[in-house]
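For reference, the structure discussed in these notes is given below.
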Amino acid sequence: MSNTFVASSTGGRSIAGMASQDGRSKTYYVGVNDRNKNLFEGLWPLPEGVSYNSYLIVDEKTCLIDTVEVDFFPQFLENIRAVIGDRPLDYIVINHMEPDHSGSLALLKKYYPEAVVVGNKKTFGMMTGFYGVGGKDDTLEVANGHTLCLGQRTLAFTMTPMVHWPETMMTLDTYSHTLFSGDAFGCFGALNGSILDSKINCDGFWMEMVRYYSNIVGKYGTPVQNALKKLAGTRIDFICPTHGPVWHEHVQKVIGMYDSMSRYETEPGLVICYGTMYGNTERAAEAIARAASKAGVKNIVMYNVSKTHHSYIIRDVFRYRGLIVGAPTYNAGLYHEMEVLLSELAGRDIKHHLLGWFGSHCWASKAVEAIAQWNERKLHFTPVGSPVDIKQALTPETEEACYALGRAMAEALGCKDA
């Protein structure tokens, strides 16, 4: 059975849908773009905005897959009505209860009080807690392997707990081989015109997918692997996530990316992160980078942890196997922004990484020891080289130690010139 994306203009807004071969049923995109929010979850930068994706299946029964953030409800309701007019909304499937996807549910129920909300056991406890809606007469509880017939199309439900909340699930339209995947396979970035990957330039979305995964889902590699195993062998022609493009041309690529990231697989390369107050720690970082480069490391990225948002640093730590961190002693402890970054990395249970470290101090050395403690107790990365502790400023001896640390990392990364 072949699917095609067709475009129709409604109210000046293009809405794309997947049509069945004989035209009896269609799936429409009724989501919205958010180009105003600065920080996703109040934490992660959105320089290119973000989309909140919702999908509407029109068959003998009508079925909405996920909603959007409540701030966009008027536009969302207009999108729905542009598709179904005065028809009732029969079902609302909630794959994920996070409010950027369920936030419009309570208002939607005021307009469509007879709509049955479809979710799993954990969905409904959250739904009552967030919105005070849902009862025996207007909810349908599903479990792994359950199905729901809409007419020509049948939905099959797969439970995917902790990708990345405990209630998350995915919904497969078995007729059109379309997977409504919730937050999985999503990415940052608003949609500029079309929603389908084959109709847009996807170059800007790939690194935003890595950043989205590493920032939001990164801790949950094992649950992601469990979800991928459940989907193995399933024909998937379209992936409809709750953020970012609808994937058709690149279905296998995005599944492969999630498989790789959830296994904590990395590319050869090195991230050097440093904090600095007066430039001495920065000069040490530059020396380490020069040595690593000379020894054959080609992929080197450097970040001042006080200047670059940690979202981008976390993204690149997920990409590259090598990590070297350095910071000054501050208030008899570790420089604050480095402490925060190490905490963020530890909270993601990242595996298969190499770690070197260095620090600086004026009269009391604490930074180097503090980084060592972070690794021993929380990070559990493989130590590389000898830590470098710099008193006040670089000397010929400590500069050579920095060079040695860079060469040691290059060797650990398998560089032939090391």
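Labeling convention for the structure tokens: chains A, B, ... as they appear, residues from 1 per chain, ligands from 1 in order of appearance.
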All residues 12 Å or closer to A:Gly49, only C-alpha atoms, same chain fewer than 6 positions away omitted, as a VMD selection string: chain A and resid 32 to 40 187 to 192 205 208 243 to 244
Write down as JSON, numbers by chain the residues belonging to stretch 164-385 of chain A that are assigned strand (DSSP E) by DSSP computed on the backbone. {"A": [169, 170, 171, 172, 173, 178, 179, 180, 181, 182, 238, 239, 240, 241, 267, 268, 269, 270, 271, 272, 273, 274, 300, 301, 302, 303, 304, 320, 321, 322, 323, 324, 325, 326, 327, 328, 329, 330, 333, 334, 354, 355, 356, 357, 358, 359, 360, 361, 382, 383]}
If we count only C-alpha atoms, what is near A:Phe381 at a cut-off of 7 Å, once residues fewer than 4 positions away on the same chain are taken out, given as a PDB file with N, CA, C and O atoms, in the first residue's frame?
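Wrote selection.pdb, looks like this:
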```pdb
ATOM      1  N   HIS A 352      31.465   4.561  27.928  1.00  0.00           N
ATOM      2  CA  HIS A 352      32.472   4.338  26.883  1.00  0.00           C
ATOM      3  C   HIS A 352      33.232   5.621  26.540  1.00  0.00           C
ATOM      4  O   HIS A 352      33.518   5.877  25.365  1.00  0.00           O
ATOM      5  N   HIS A 353      33.566   6.412  27.547  1.00  0.00           N
ATOM      6  CA  HIS A 353      34.305   7.644  27.295  1.00  0.00           C
ATOM      7  C   HIS A 353      35.663   7.621  27.988  1.00  0.00           C
ATOM      8  O   HIS A 353      35.873   6.919  28.980  1.00  0.00           O
ATOM      9  N   LEU A 354      36.570   8.417  27.443  1.00  0.00           N
ATOM     10  CA  LEU A 354      37.901   8.621  28.004  1.00  0.00           C
ATOM     11  C   LEU A 354      37.954  10.005  28.631  1.00  0.00           C
ATOM     12  O   LEU A 354      37.398  10.960  28.084  1.00  0.00           O
ATOM     13  N   LEU A 355      38.639  10.129  29.760  1.00  0.00           N
ATOM     14  CA  LEU A 355      38.677  11.421  30.464  1.00  0.00           C
ATOM     15  C   LEU A 355      40.088  11.766  30.914  1.00  0.00           C
ATOM     16  O   LEU A 355      40.774  10.968  31.544  1.00  0.00           O
ATOM     17  N   ASN A 375      34.872  11.932  38.776  1.00  0.00           N
ATOM     18  CA  ASN A 375      34.995  10.777  37.903  1.00  0.00           C
ATOM     19  C   ASN A 375      34.886   9.471  38.682  1.00  0.00           C
ATOM     20  O   ASN A 375      34.213   8.524  38.252  1.00  0.00           O
TER      21      ASN A 375
END
```
Spatial neighbours of A:Glu344, max dist 9 Å, only C-alpha atoms, sep filter under 5 positions, as a list in words: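 Residues near the query, excluding close chain neighbours: His310, Ile314 and Glu339 of chain A.
For the residues A:Cys63, A:Ala393, A:Met257, A:Val83, ranking by smallest atom-to-atom distance to A:Met207 using only C-alpha atoms places A:Met257 first.
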